[in-house]
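Here the structure is laid out as structure tokens; the discussion comes afterwards.
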Amino acid sequence: MIRFEHVTKRYADGTTAVDDLSFEVAEGELVTLVGPSGCGKTTTMKMVNRLIEPTEGRIWVDGQDIADTDPVRLRRRIGYVIQQVGLFPHKTVLENTATVPHLLGVKRAAARARAAELLELVGLDPAVHGDRYPEQLSGGQRQRVGVARALAADPPVLLMDEPFGAVDPVVRERLQSEFLKLQSEVRKTVLFVTHDIEEAVRLGDRIAVYGQGRIEQFDAPATVLGAPATPYVADFVGADRGLKRLSVTPIEASDLEQPPVVHLDDPLPRELGARWAVVLDRDDNLHGWIAADRAAGGTGTVRDHARRMEARLPVGASLKRAFATMLQHDAGWIAVTDPDEEGRFLGVLTPAKLHEALRRSIDADAQAVRRRDVDLENVG
């Protein structure tokens, strides 16, 4: 969808912002460009919609050399979201969102209907927010409007330049989550510029780590964190890259332990064979747990003594979420369920298994094998 071929941007004073850049972004892929200030990542992005013209090389978008495309027409089919949002202060939220369709000749009623759909898609009720002006919105709400406006003409490519950088950390994390959900639905081809490695890791299908005008590593987030290509990349992602990797390592069924299991309507067992057991309903969906000391000497059924299980996650959730859930509930383990089968119990993840899963993930990348095939006993 986007292809750079030996692209260089050199200014009149001799400064080289981007040096001989070649890479491709596949259709529907979200690539994060990350690096320190002045490394060339924003210049790279702005060359895609010809806000900056390259000195050398060629850039292709959807099979067309952008040098042969009228810049205005090109920009109208590429969504663009910036940190300051850039909403028109004299226009309502609905009018701001409908701006590009209007420019493309879409009739007013159709453009407003499309704008209302997109506001709903980014979590803003058009009936509540549509007639408001930008100054009446919070920073996070303005960013959502900016995303909706960028999507209004249904562009195949979306350029995002530190779009969540101007909001507080709590709102930023929420916007990141909402954008990931949105991207899973619309599957745009996205170039996302950030200076924050954690944001790059969380959002990107792949990450381009910039040095000075060059890409030092272009890889999947887990690979960048687990196997930095150069000392520069290792230093940039930080000594705590193992912890950062928790956020891009999913829980797999093979990571789980299988504890004793009882069912709600079972007679209370005299012996569990462990300090606790997981309690399931008749359909093997997770209900909670029961402690051995409550079972011993008790009467009735498991239902009478079972406790609800709050520390639970679906398989596929990140190890970071698992670790946070353990801390939040002061739990020695969390229950893991199948999200596609109404919470069917799969097993439990313990701290030891979480650590083992992280080690397997790192070593799997290093050995170019599947995680389950890593033999930890033979890893130095």
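Every chain in the structure tokens takes a letter, A first, then B, and so on in the order presented; its residues are numbered from 1, and the ligands are numbered from 1 following the presented order.
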>> With DSSP run on the backbone, what are the alpha helix (DSSP H) residues within segment 125-303 of chain A? I'd like them as number ranges by chain.
In response: A: 126-129, 139-151, 169-186, 197-203, 221-226, 231-237, 241-245, 292-295
Could you pull the residues within 12 Å of segment 326-337 of chain A, counting only C-alpha atoms, minus those fewer than 2 positions along the same chain, as a CSV table (one decimal) with all heavy atoms, in the first residue's frame?
```csv
chain,number,residue,atom,x,y,z
A,250,PRO,N,1.0,-12.5,24.4
A,250,PRO,CA,-0.3,-12.9,24.8
A,250,PRO,C,-0.2,-14.2,25.7
A,250,PRO,O,0.7,-14.9,25.7
A,250,PRO,CB,-1.0,-13.2,23.5
A,250,PRO,CG,0.1,-13.6,22.6
A,250,PRO,CD,1.3,-12.8,23.0
A,251,ILE,N,-1.3,-14.3,26.5
A,251,ILE,CA,-1.4,-15.6,27.2
A,251,ILE,C,-1.8,-16.7,26.2
A,251,ILE,O,-2.8,-16.5,25.5
A,251,ILE,CB,-2.5,-15.5,28.3
A,251,ILE,CG1,-2.2,-14.4,29.3
A,251,ILE,CG2,-2.7,-16.8,29.0
A,251,ILE,CD1,-3.4,-14.0,30.2
A,252,GLU,N,-1.2,-17.8,26.3
A,252,GLU,CA,-1.5,-18.9,25.4
A,252,GLU,C,-2.0,-20.1,26.3
A,252,GLU,O,-1.6,-20.2,27.5
A,252,GLU,CB,-0.3,-19.4,24.6
A,252,GLU,CG,0.1,-18.3,23.6
A,252,GLU,CD,1.3,-18.8,22.7
A,252,GLU,OE1,1.8,-19.9,22.9
A,252,GLU,OE2,1.7,-18.1,21.7
A,253,ALA,N,-2.8,-20.9,25.7
A,253,ALA,CA,-3.3,-22.1,26.5
A,253,ALA,C,-2.2,-23.0,27.0
A,253,ALA,O,-2.3,-23.5,28.1
A,253,ALA,CB,-4.3,-22.9,25.6
A,254,SER,N,-1.1,-23.0,26.3
A,254,SER,CA,0.0,-23.8,26.7
A,254,SER,C,0.7,-23.3,28.0
A,254,SER,O,1.6,-23.9,28.6
A,254,SER,CB,1.0,-24.0,25.6
A,254,SER,OG,1.5,-22.8,25.1
A,255,ASP,N,0.4,-22.0,28.3
A,255,ASP,CA,1.1,-21.4,29.5
A,255,ASP,C,0.3,-21.8,30.8
A,255,ASP,O,0.8,-21.4,31.9
A,255,ASP,CB,1.0,-19.9,29.4
A,255,ASP,CG,1.7,-19.3,28.2
A,255,ASP,OD1,2.8,-19.9,27.8
A,255,ASP,OD2,1.3,-18.3,27.6
A,256,LEU,N,-0.8,-22.4,30.7
A,256,LEU,CA,-1.7,-22.6,31.8
A,256,LEU,C,-1.4,-23.9,32.6
A,256,LEU,O,-1.1,-24.9,32.1
A,256,LEU,CB,-3.1,-22.5,31.4
A,256,LEU,CG,-3.5,-21.3,30.5
A,256,LEU,CD1,-5.0,-21.4,30.1
A,256,LEU,CD2,-3.2,-20.0,31.3
A,257,GLU,N,-1.7,-23.8,33.9
A,257,GLU,CA,-1.7,-24.9,34.8
A,257,GLU,C,-3.2,-25.4,34.9
A,257,GLU,O,-4.1,-24.6,34.8
A,257,GLU,CB,-1.1,-24.6,36.2
A,257,GLU,CG,0.3,-24.3,36.2
A,257,GLU,CD,0.9,-24.2,37.6
A,257,GLU,OE1,0.1,-24.3,38.5
A,257,GLU,OE2,2.1,-23.9,37.7
A,258,GLN,N,-3.3,-26.7,35.3
A,258,GLN,CA,-4.6,-27.3,35.4
A,258,GLN,C,-4.8,-27.7,36.9
A,258,GLN,O,-4.4,-28.7,37.3
A,258,GLN,CB,-4.8,-28.5,34.5
A,258,GLN,CG,-4.7,-28.2,33.0
A,258,GLN,CD,-5.7,-27.1,32.6
A,258,GLN,OE1,-6.9,-27.2,33.0
A,258,GLN,NE2,-5.3,-26.2,31.7
A,259,PRO,N,-5.5,-26.8,37.7
A,259,PRO,CA,-5.7,-27.1,39.1
A,259,PRO,C,-6.9,-28.1,39.3
A,259,PRO,O,-7.6,-28.4,38.3
A,259,PRO,CB,-6.1,-25.7,39.6
A,259,PRO,CG,-6.8,-25.1,38.5
A,259,PRO,CD,-6.2,-25.6,37.2
A,261,VAL,N,-10.6,-29.2,39.9
A,261,VAL,CA,-11.9,-28.6,39.4
A,261,VAL,C,-13.1,-29.3,40.1
A,261,VAL,O,-13.1,-30.5,40.1
A,261,VAL,CB,-12.0,-28.6,37.9
A,261,VAL,CG1,-13.4,-28.2,37.5
A,261,VAL,CG2,-10.9,-27.7,37.2
A,275,ARG,N,-4.7,-26.7,47.9
A,275,ARG,CA,-5.2,-25.7,48.9
A,275,ARG,C,-6.5,-25.1,48.4
A,275,ARG,O,-7.2,-24.4,49.2
A,275,ARG,CB,-4.1,-24.7,49.1
A,275,ARG,CG,-2.9,-25.2,49.9
A,275,ARG,CD,-2.0,-24.0,50.2
A,275,ARG,NE,-1.5,-23.4,49.0
A,275,ARG,CZ,-0.9,-22.2,49.0
A,275,ARG,NH1,-0.8,-21.5,50.1
A,275,ARG,NH2,-0.5,-21.7,47.9
A,276,TRP,N,-6.8,-25.2,47.1
A,276,TRP,CA,-8.0,-24.6,46.5
A,276,TRP,C,-8.3,-25.4,45.3
A,276,TRP,O,-7.5,-26.1,44.7
A,276,TRP,CB,-7.8,-23.1,46.3
A,276,TRP,CG,-6.5,-22.8,45.5
A,276,TRP,CD1,-5.3,-22.6,46.0
A,276,TRP,CD2,-6.3,-22.8,44.1
A,276,TRP,NE1,-4.3,-22.4,45.0
A,276,TRP,CE2,-5.0,-22.5,43.8
A,276,TRP,CE3,-7.2,-23.1,43.0
A,276,TRP,CZ2,-4.5,-22.4,42.5
A,276,TRP,CZ3,-6.7,-23.0,41.7
A,276,TRP,CH2,-5.3,-22.7,41.5
A,277,ALA,N,-9.5,-25.2,44.8
A,277,ALA,CA,-10.0,-25.7,43.5
A,277,ALA,C,-10.8,-24.7,42.8
A,277,ALA,O,-11.4,-23.8,43.4
A,277,ALA,CB,-10.8,-27.0,43.8
A,278,VAL,N,-10.8,-24.8,41.5
A,278,VAL,CA,-11.7,-23.9,40.7
A,278,VAL,C,-13.1,-24.5,40.6
A,278,VAL,O,-13.3,-25.7,40.5
A,278,VAL,CB,-11.1,-23.8,39.2
A,278,VAL,CG1,-12.1,-23.1,38.3
A,278,VAL,CG2,-9.8,-23.1,39.3
A,279,VAL,N,-14.1,-23.6,40.7
A,279,VAL,CA,-15.5,-24.0,40.7
A,279,VAL,C,-16.1,-23.6,39.3
A,279,VAL,O,-16.0,-22.4,38.9
A,279,VAL,CB,-16.2,-23.3,41.8
A,279,VAL,CG1,-17.7,-23.7,41.7
A,279,VAL,CG2,-15.6,-23.7,43.2
A,280,LEU,N,-16.7,-24.5,38.7
A,280,LEU,CA,-17.3,-24.3,37.4
A,280,LEU,C,-18.8,-24.6,37.5
A,280,LEU,O,-19.3,-25.3,38.4
A,280,LEU,CB,-16.7,-25.3,36.3
A,280,LEU,CG,-15.2,-25.3,36.2
A,280,LEU,CD1,-14.8,-26.3,35.1
A,280,LEU,CD2,-14.7,-23.9,35.8
A,284,ASP,N,-19.3,-25.9,32.4
A,284,ASP,CA,-17.9,-25.8,32.5
A,284,ASP,C,-17.4,-24.3,32.3
A,284,ASP,O,-16.2,-24.1,31.9
A,284,ASP,CB,-17.1,-26.7,31.5
A,284,ASP,CG,-17.2,-28.1,31.9
A,284,ASP,OD1,-17.3,-28.4,33.1
A,284,ASP,OD2,-17.0,-29.0,31.0
A,285,ASN,N,-18.3,-23.4,32.6
A,285,ASN,CA,-17.9,-22.0,32.6
A,285,ASN,C,-17.4,-21.6,34.0
A,285,ASN,O,-17.9,-22.2,35.0
A,285,ASN,CB,-19.1,-21.1,32.2
A,285,ASN,CG,-19.5,-21.3,30.7
A,285,ASN,OD1,-18.7,-21.5,29.9
A,285,ASN,ND2,-20.8,-21.2,30.5
A,286,LEU,N,-16.5,-20.7,34.0
A,286,LEU,CA,-15.9,-20.3,35.3
A,286,LEU,C,-16.9,-19.6,36.2
A,286,LEU,O,-17.6,-18.7,35.8
A,286,LEU,CB,-14.7,-19.4,35.1
A,286,LEU,CG,-14.0,-18.8,36.3
A,286,LEU,CD1,-13.3,-20.0,37.0
A,286,LEU,CD2,-13.0,-17.7,35.9
A,287,HIS,N,-17.0,-20.1,37.5
A,287,HIS,CA,-17.8,-19.4,38.5
A,287,HIS,C,-16.9,-18.8,39.5
A,287,HIS,O,-17.1,-17.6,39.9
A,287,HIS,CB,-18.8,-20.4,39.1
A,287,HIS,CG,-19.5,-19.9,40.3
A,287,HIS,ND1,-20.7,-19.1,40.1
A,287,HIS,CD2,-19.3,-19.9,41.6
A,287,HIS,CE1,-21.1,-18.7,41.3
A,287,HIS,NE2,-20.3,-19.2,42.2
A,288,GLY,N,-16.0,-19.6,40.1
A,288,GLY,CA,-15.2,-19.0,41.2
A,288,GLY,C,-14.2,-20.0,41.7
A,288,GLY,O,-13.7,-20.8,40.9
A,289,TRP,N,-14.0,-20.0,43.0
A,289,TRP,CA,-13.1,-21.0,43.6
A,289,TRP,C,-13.5,-21.3,45.0
A,289,TRP,O,-14.4,-20.7,45.6
A,289,TRP,CB,-11.7,-20.4,43.6
A,289,TRP,CG,-11.5,-19.2,44.5
A,289,TRP,CD1,-12.0,-17.9,44.3
A,289,TRP,CD2,-10.9,-19.1,45.8
A,289,TRP,NE1,-11.7,-17.1,45.3
A,289,TRP,CE2,-11.0,-17.8,46.2
A,289,TRP,CE3,-10.2,-20.0,46.5
A,289,TRP,CZ2,-10.4,-17.4,47.5
A,289,TRP,CZ3,-9.6,-19.6,47.8
A,289,TRP,CH2,-9.8,-18.3,48.2
A,308,ARG,N,-16.7,-16.0,44.5
A,308,ARG,CA,-16.6,-15.5,43.2
A,308,ARG,C,-15.1,-15.3,42.8
A,308,ARG,O,-14.3,-14.9,43.7
A,308,ARG,CB,-17.3,-14.2,43.1
A,308,ARG,CG,-18.8,-14.3,43.2
A,308,ARG,CD,-19.4,-15.0,42.0
A,308,ARG,NE,-19.2,-14.3,40.8
A,308,ARG,CZ,-19.6,-14.7,39.6
A,308,ARG,NH1,-20.3,-15.9,39.5
A,308,ARG,NH2,-19.4,-14.0,38.5
A,309,MET,N,-14.8,-15.5,41.6
A,309,MET,CA,-13.4,-15.3,41.1
A,309,MET,C,-13.4,-13.9,40.3
A,309,MET,O,-14.0,-13.8,39.3
A,309,MET,CB,-13.0,-16.4,40.1
A,309,MET,CG,-11.8,-16.2,39.3
A,309,MET,SD,-10.3,-15.7,40.3
A,309,MET,CE,-10.1,-17.1,41.3
A,310,GLU,N,-12.7,-13.0,40.9
A,310,GLU,CA,-12.5,-11.7,40.3
A,310,GLU,C,-11.3,-11.6,39.4
A,310,GLU,O,-11.3,-10.9,38.4
A,310,GLU,CB,-12.4,-10.6,41.4
A,310,GLU,CG,-13.6,-10.6,42.3
A,310,GLU,CD,-14.9,-10.2,41.6
A,310,GLU,OE1,-14.9,-9.6,40.5
A,310,GLU,OE2,-16.0,-10.6,42.1
A,311,ALA,N,-10.3,-12.3,39.7
A,311,ALA,CA,-9.0,-12.3,39.0
A,311,ALA,C,-9.1,-13.2,37.8
A,311,ALA,O,-8.8,-14.4,37.9
A,311,ALA,CB,-7.8,-12.6,39.8
A,312,ARG,N,-9.6,-12.7,36.7
A,312,ARG,CA,-9.8,-13.6,35.5
A,312,ARG,C,-9.5,-12.8,34.2
A,312,ARG,O,-9.7,-11.5,34.2
A,312,ARG,CB,-11.2,-14.1,35.4
A,312,ARG,CG,-12.3,-13.0,35.3
A,312,ARG,CD,-13.7,-13.7,35.0
A,312,ARG,NE,-14.3,-14.3,36.2
A,312,ARG,CZ,-15.4,-15.0,36.1
A,312,ARG,NH1,-16.0,-15.2,35.0
A,312,ARG,NH2,-15.9,-15.5,37.2
A,313,LEU,N,-9.1,-13.4,33.2
A,313,LEU,CA,-8.8,-12.8,31.9
A,313,LEU,C,-9.1,-13.8,30.8
A,313,LEU,O,-9.0,-15.0,31.0
A,313,LEU,CB,-7.4,-12.4,31.8
A,313,LEU,CG,-6.9,-11.1,32.5
A,313,LEU,CD1,-5.4,-11.0,32.4
A,313,LEU,CD2,-7.7,-9.9,32.0
A,314,PRO,N,-9.4,-13.3,29.6
A,314,PRO,CA,-9.5,-14.3,28.4
A,314,PRO,C,-8.2,-14.7,27.9
A,314,PRO,O,-7.2,-13.9,28.0
A,314,PRO,CB,-10.3,-13.4,27.4
A,314,PRO,CG,-9.9,-12.0,27.7
A,314,PRO,CD,-9.7,-12.0,29.2
A,315,VAL,N,-8.1,-15.9,27.3
A,315,VAL,CA,-6.9,-16.3,26.7
A,315,VAL,C,-6.6,-15.3,25.5
A,315,VAL,O,-7.5,-14.8,24.9
A,315,VAL,CB,-7.0,-17.7,26.1
A,315,VAL,CG1,-8.0,-17.8,25.0
A,315,VAL,CG2,-5.6,-18.3,25.8
A,316,GLY,N,-5.3,-15.0,25.3
A,316,GLY,CA,-5.0,-13.9,24.3
A,316,GLY,C,-4.7,-12.6,24.9
A,316,GLY,O,-4.1,-11.7,24.3
A,317,ALA,N,-5.2,-12.3,26.2
A,317,ALA,CA,-4.9,-11.1,26.8
A,317,ALA,C,-3.3,-11.0,27.1
A,317,ALA,O,-2.7,-12.0,27.1
A,317,ALA,CB,-5.6,-11.0,28.1
A,318,SER,N,-2.8,-9.8,27.2
A,318,SER,CA,-1.4,-9.7,27.4
A,318,SER,C,-0.9,-10.1,28.8
A,318,SER,O,-1.7,-10.1,29.7
A,318,SER,CB,-1.0,-8.2,27.1
A,318,SER,OG,-1.4,-7.4,28.2
A,319,LEU,N,0.4,-10.5,28.8
A,319,LEU,CA,1.0,-10.8,30.1
A,319,LEU,C,1.0,-9.6,31.0
A,319,LEU,O,1.0,-9.7,32.2
A,319,LEU,CB,2.4,-11.4,29.9
A,319,LEU,CG,2.5,-12.7,29.2
A,319,LEU,CD1,3.9,-13.2,29.2
A,319,LEU,CD2,1.6,-13.8,29.8
A,320,LYS,N,1.1,-8.4,30.4
A,320,LYS,CA,1.0,-7.2,31.2
A,320,LYS,C,-0.3,-7.1,31.9
A,320,LYS,O,-0.3,-6.7,33.1
A,320,LYS,CB,1.3,-6.0,30.3
A,320,LYS,CG,1.2,-4.6,31.1
A,320,LYS,CD,1.5,-3.5,30.2
A,320,LYS,CE,1.4,-2.1,31.0
A,320,LYS,NZ,1.7,-1.0,30.1
A,321,ARG,N,-1.4,-7.3,31.2
A,321,ARG,CA,-2.7,-7.3,31.9
A,321,ARG,C,-2.8,-8.4,33.0
A,321,ARG,O,-3.4,-8.2,34.0
A,321,ARG,CB,-3.8,-7.5,30.8
A,321,ARG,CG,-4.2,-6.3,30.0
A,321,ARG,CD,-5.4,-6.6,29.1
A,321,ARG,NE,-6.6,-6.9,29.9
A,321,ARG,CZ,-7.7,-7.3,29.4
A,321,ARG,NH1,-7.8,-7.6,28.1
A,321,ARG,NH2,-8.7,-7.6,30.2
A,322,ALA,N,-2.2,-9.5,32.7
A,322,ALA,CA,-2.2,-10.6,33.7
A,322,ALA,C,-1.5,-10.2,34.9
A,322,ALA,O,-2.0,-10.4,36.1
A,322,ALA,CB,-1.6,-11.9,33.1
A,323,PHE,N,-0.3,-9.6,34.8
A,323,PHE,CA,0.5,-9.1,35.9
A,323,PHE,C,-0.3,-8.1,36.7
A,323,PHE,O,-0.3,-8.1,37.9
A,323,PHE,CB,1.8,-8.6,35.4
A,323,PHE,CG,2.8,-8.3,36.5
A,323,PHE,CD1,2.9,-9.1,37.6
A,323,PHE,CD2,3.6,-7.2,36.4
A,323,PHE,CE1,3.8,-8.8,38.6
A,323,PHE,CE2,4.5,-6.8,37.4
A,323,PHE,CZ,4.6,-7.6,38.5
A,324,ALA,N,-0.9,-7.1,36.0
A,324,ALA,CA,-1.6,-6.0,36.6
A,324,ALA,C,-2.8,-6.6,37.4
A,324,ALA,O,-3.2,-6.1,38.5
A,324,ALA,CB,-2.1,-5.0,35.6
A,339,PRO,N,-12.8,-16.7,25.4
A,339,PRO,CA,-13.7,-15.6,25.1
A,339,PRO,C,-14.8,-15.9,24.1
A,339,PRO,O,-15.8,-15.3,24.0
A,339,PRO,CB,-12.8,-14.4,24.6
A,339,PRO,CG,-11.7,-15.1,24.0
A,339,PRO,CD,-11.4,-16.3,24.9
A,340,ASP,N,-14.5,-17.0,23.3
A,340,ASP,CA,-15.5,-17.3,22.2
A,340,ASP,C,-16.5,-18.3,22.7
A,340,ASP,O,-17.4,-18.7,21.9
A,340,ASP,CB,-14.7,-17.9,21.0
A,340,ASP,CG,-13.7,-16.9,20.4
A,340,ASP,OD1,-14.1,-15.7,20.4
A,340,ASP,OD2,-12.7,-17.3,19.9
A,341,GLU,N,-16.4,-18.8,23.9
A,341,GLU,CA,-17.3,-19.9,24.4
A,341,GLU,C,-17.9,-19.5,25.7
A,341,GLU,O,-18.0,-20.3,26.6
A,341,GLU,CB,-16.6,-21.2,24.4
A,341,GLU,CG,-16.2,-21.7,23.0
A,341,GLU,CD,-15.7,-23.2,23.1
A,341,GLU,OE1,-16.3,-24.0,23.9
A,341,GLU,OE2,-14.8,-23.5,22.3
A,342,GLU,N,-18.3,-18.2,25.8
A,342,GLU,CA,-19.0,-17.7,27.0
A,342,GLU,C,-18.3,-18.0,28.3
A,342,GLU,O,-18.9,-18.4,29.3
A,342,GLU,CB,-20.4,-18.4,27.1
A,342,GLU,CG,-21.3,-18.0,25.9
A,342,GLU,CD,-22.7,-18.5,26.0
A,342,GLU,OE1,-23.0,-19.2,27.0
A,342,GLU,OE2,-23.5,-18.3,25.1
A,343,GLY,N,-17.0,-17.8,28.3
A,343,GLY,CA,-16.2,-18.0,29.5
A,343,GLY,C,-15.8,-19.4,29.9
A,343,GLY,O,-15.6,-19.6,31.1
A,344,ARG,N,-15.8,-20.3,29.0
A,344,ARG,CA,-15.3,-21.7,29.3
A,344,ARG,C,-13.9,-21.6,29.9
A,344,ARG,O,-13.0,-21.0,29.4
A,344,ARG,CB,-15.4,-22.6,28.1
A,344,ARG,CG,-15.0,-24.0,28.4
A,344,ARG,CD,-15.2,-24.9,27.2
A,344,ARG,NE,-14.4,-24.5,26.1
A,344,ARG,CZ,-13.1,-25.0,25.9
A,344,ARG,NH1,-12.6,-25.8,26.8
A,344,ARG,NH2,-12.4,-24.6,24.9
A,345,PHE,N,-13.8,-22.3,31.1
A,345,PHE,CA,-12.5,-22.3,31.8
A,345,PHE,C,-11.5,-23.1,31.1
A,345,PHE,O,-11.7,-24.2,30.6
A,345,PHE,CB,-12.8,-22.9,33.2
A,345,PHE,CG,-11.5,-23.1,34.0
A,345,PHE,CD1,-10.9,-22.0,34.5
A,345,PHE,CD2,-11.0,-24.3,34.3
A,345,PHE,CE1,-9.7,-22.1,35.3
A,345,PHE,CE2,-9.8,-24.5,35.0
A,345,PHE,CZ,-9.2,-23.4,35.5
A,346,LEU,N,-10.3,-22.5,31.0
A,346,LEU,CA,-9.2,-23.1,30.3
A,346,LEU,C,-8.0,-23.6,31.2
A,346,LEU,O,-7.3,-24.5,30.9
A,346,LEU,CB,-8.6,-22.2,29.2
A,346,LEU,CG,-9.5,-21.8,28.1
A,346,LEU,CD1,-8.8,-20.9,27.1
A,346,LEU,CD2,-10.0,-23.1,27.3
A,347,GLY,N,-7.8,-22.8,32.3
A,347,GLY,CA,-6.7,-23.1,33.2
A,347,GLY,C,-6.4,-21.9,34.0
A,347,GLY,O,-7.1,-20.9,34.0
A,348,VAL,N,-5.3,-21.9,34.8
A,348,VAL,CA,-4.9,-20.8,35.6
A,348,VAL,C,-3.5,-20.4,35.2
A,348,VAL,O,-2.6,-21.2,34.8
A,348,VAL,CB,-5.0,-21.1,37.1
A,348,VAL,CG1,-6.4,-21.4,37.5
A,348,VAL,CG2,-4.0,-22.2,37.5
A,349,LEU,N,-3.2,-19.1,35.3
A,349,LEU,CA,-1.8,-18.6,35.1
A,349,LEU,C,-1.3,-18.2,36.4
A,349,LEU,O,-1.8,-17.3,37.1
A,349,LEU,CB,-1.9,-17.4,34.1
A,349,LEU,CG,-0.5,-16.8,33.7
A,349,LEU,CD1,0.2,-17.8,32.8
A,349,LEU,CD2,-0.7,-15.4,33.1
A,350,THR,N,-0.1,-18.7,36.8
A,350,THR,CA,0.5,-18.4,38.0
A,350,THR,C,1.7,-17.5,37.8
A,350,THR,O,2.1,-17.3,36.6
A,350,THR,CB,1.1,-19.7,38.7
A,350,THR,OG1,2.1,-20.3,37.9
A,350,THR,CG2,-0.1,-20.7,39.0
A,351,PRO,N,2.3,-16.8,38.8
A,351,PRO,CA,3.5,-16.0,38.5
A,351,PRO,C,4.6,-16.7,37.9
A,351,PRO,O,5.3,-16.2,37.0
A,351,PRO,CB,3.8,-15.5,39.9
A,351,PRO,CG,2.5,-15.5,40.7
A,351,PRO,CD,1.8,-16.7,40.2
A,352,ALA,N,4.8,-18.0,38.3
A,352,ALA,CA,5.9,-18.8,37.7
A,352,ALA,C,5.6,-19.0,36.3
A,352,ALA,O,6.6,-19.0,35.4
A,352,ALA,CB,6.0,-20.1,38.5
A,353,LYS,N,4.4,-19.3,35.9
A,353,LYS,CA,4.0,-19.6,34.5
A,353,LYS,C,4.1,-18.3,33.7
A,353,LYS,O,4.5,-18.3,32.5
A,353,LYS,CB,2.6,-20.2,34.4
A,353,LYS,CG,2.6,-21.7,34.8
A,353,LYS,CD,3.4,-22.5,33.8
A,353,LYS,CE,3.2,-24.0,34.0
A,353,LYS,NZ,3.9,-24.8,33.0
A,354,LEU,N,3.8,-17.2,34.3
A,354,LEU,CA,3.9,-15.9,33.6
A,354,LEU,C,5.4,-15.6,33.2
A,354,LEU,O,5.7,-15.3,32.1
A,354,LEU,CB,3.3,-14.8,34.5
A,354,LEU,CG,3.2,-13.4,33.9
A,354,LEU,CD1,2.1,-12.6,34.5
A,354,LEU,CD2,4.5,-12.6,34.0
```
>> Nearest residue to Leu21 of chain A out of A:Val186, A:Ile215, A:Leu94, A:Leu51, using only C-alpha atoms?
In response: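 Once distances to Leu21 of chain A are computed over only C-alpha atoms, the minimum belongs to A:Ile215.
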>> Need to verify the contact set: segment 77-86 of chain A, 8 Å, only C-alpha atoms, exclusion of same-chain residues closer than 5 positions in sequence. Can you return it as a list in words?
In response: Asn49, Arg142, Gln143, Gly146, Val147, Arg149, Ala150, Leu151, Ala153, Asp154, Pro155, Pro156, Val157, Leu158, Leu159, Met160, Asp161, Glu162, Pro163, Phe164, Gly165 and Ala166 of chain A
>> I need the strand (DSSP E or B) residues of segment 94-340 of chain A per DSSP on the backbone, written as a ChimeraX atom specification.
In response: /A:157-161,189-194,206-210,215-219,250,257,261-263,267,276-280,285-291,301,307-308,312-314,318,334-338
> Nearest to Val93 of chain A: which of A:Ala220, A:Ile197, A:Ala116, A:Ala109 is it, counting only C-alpha atoms?
Replying inline: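 Distance minimum relative to Val93 of chain A lands on A:Ala116.
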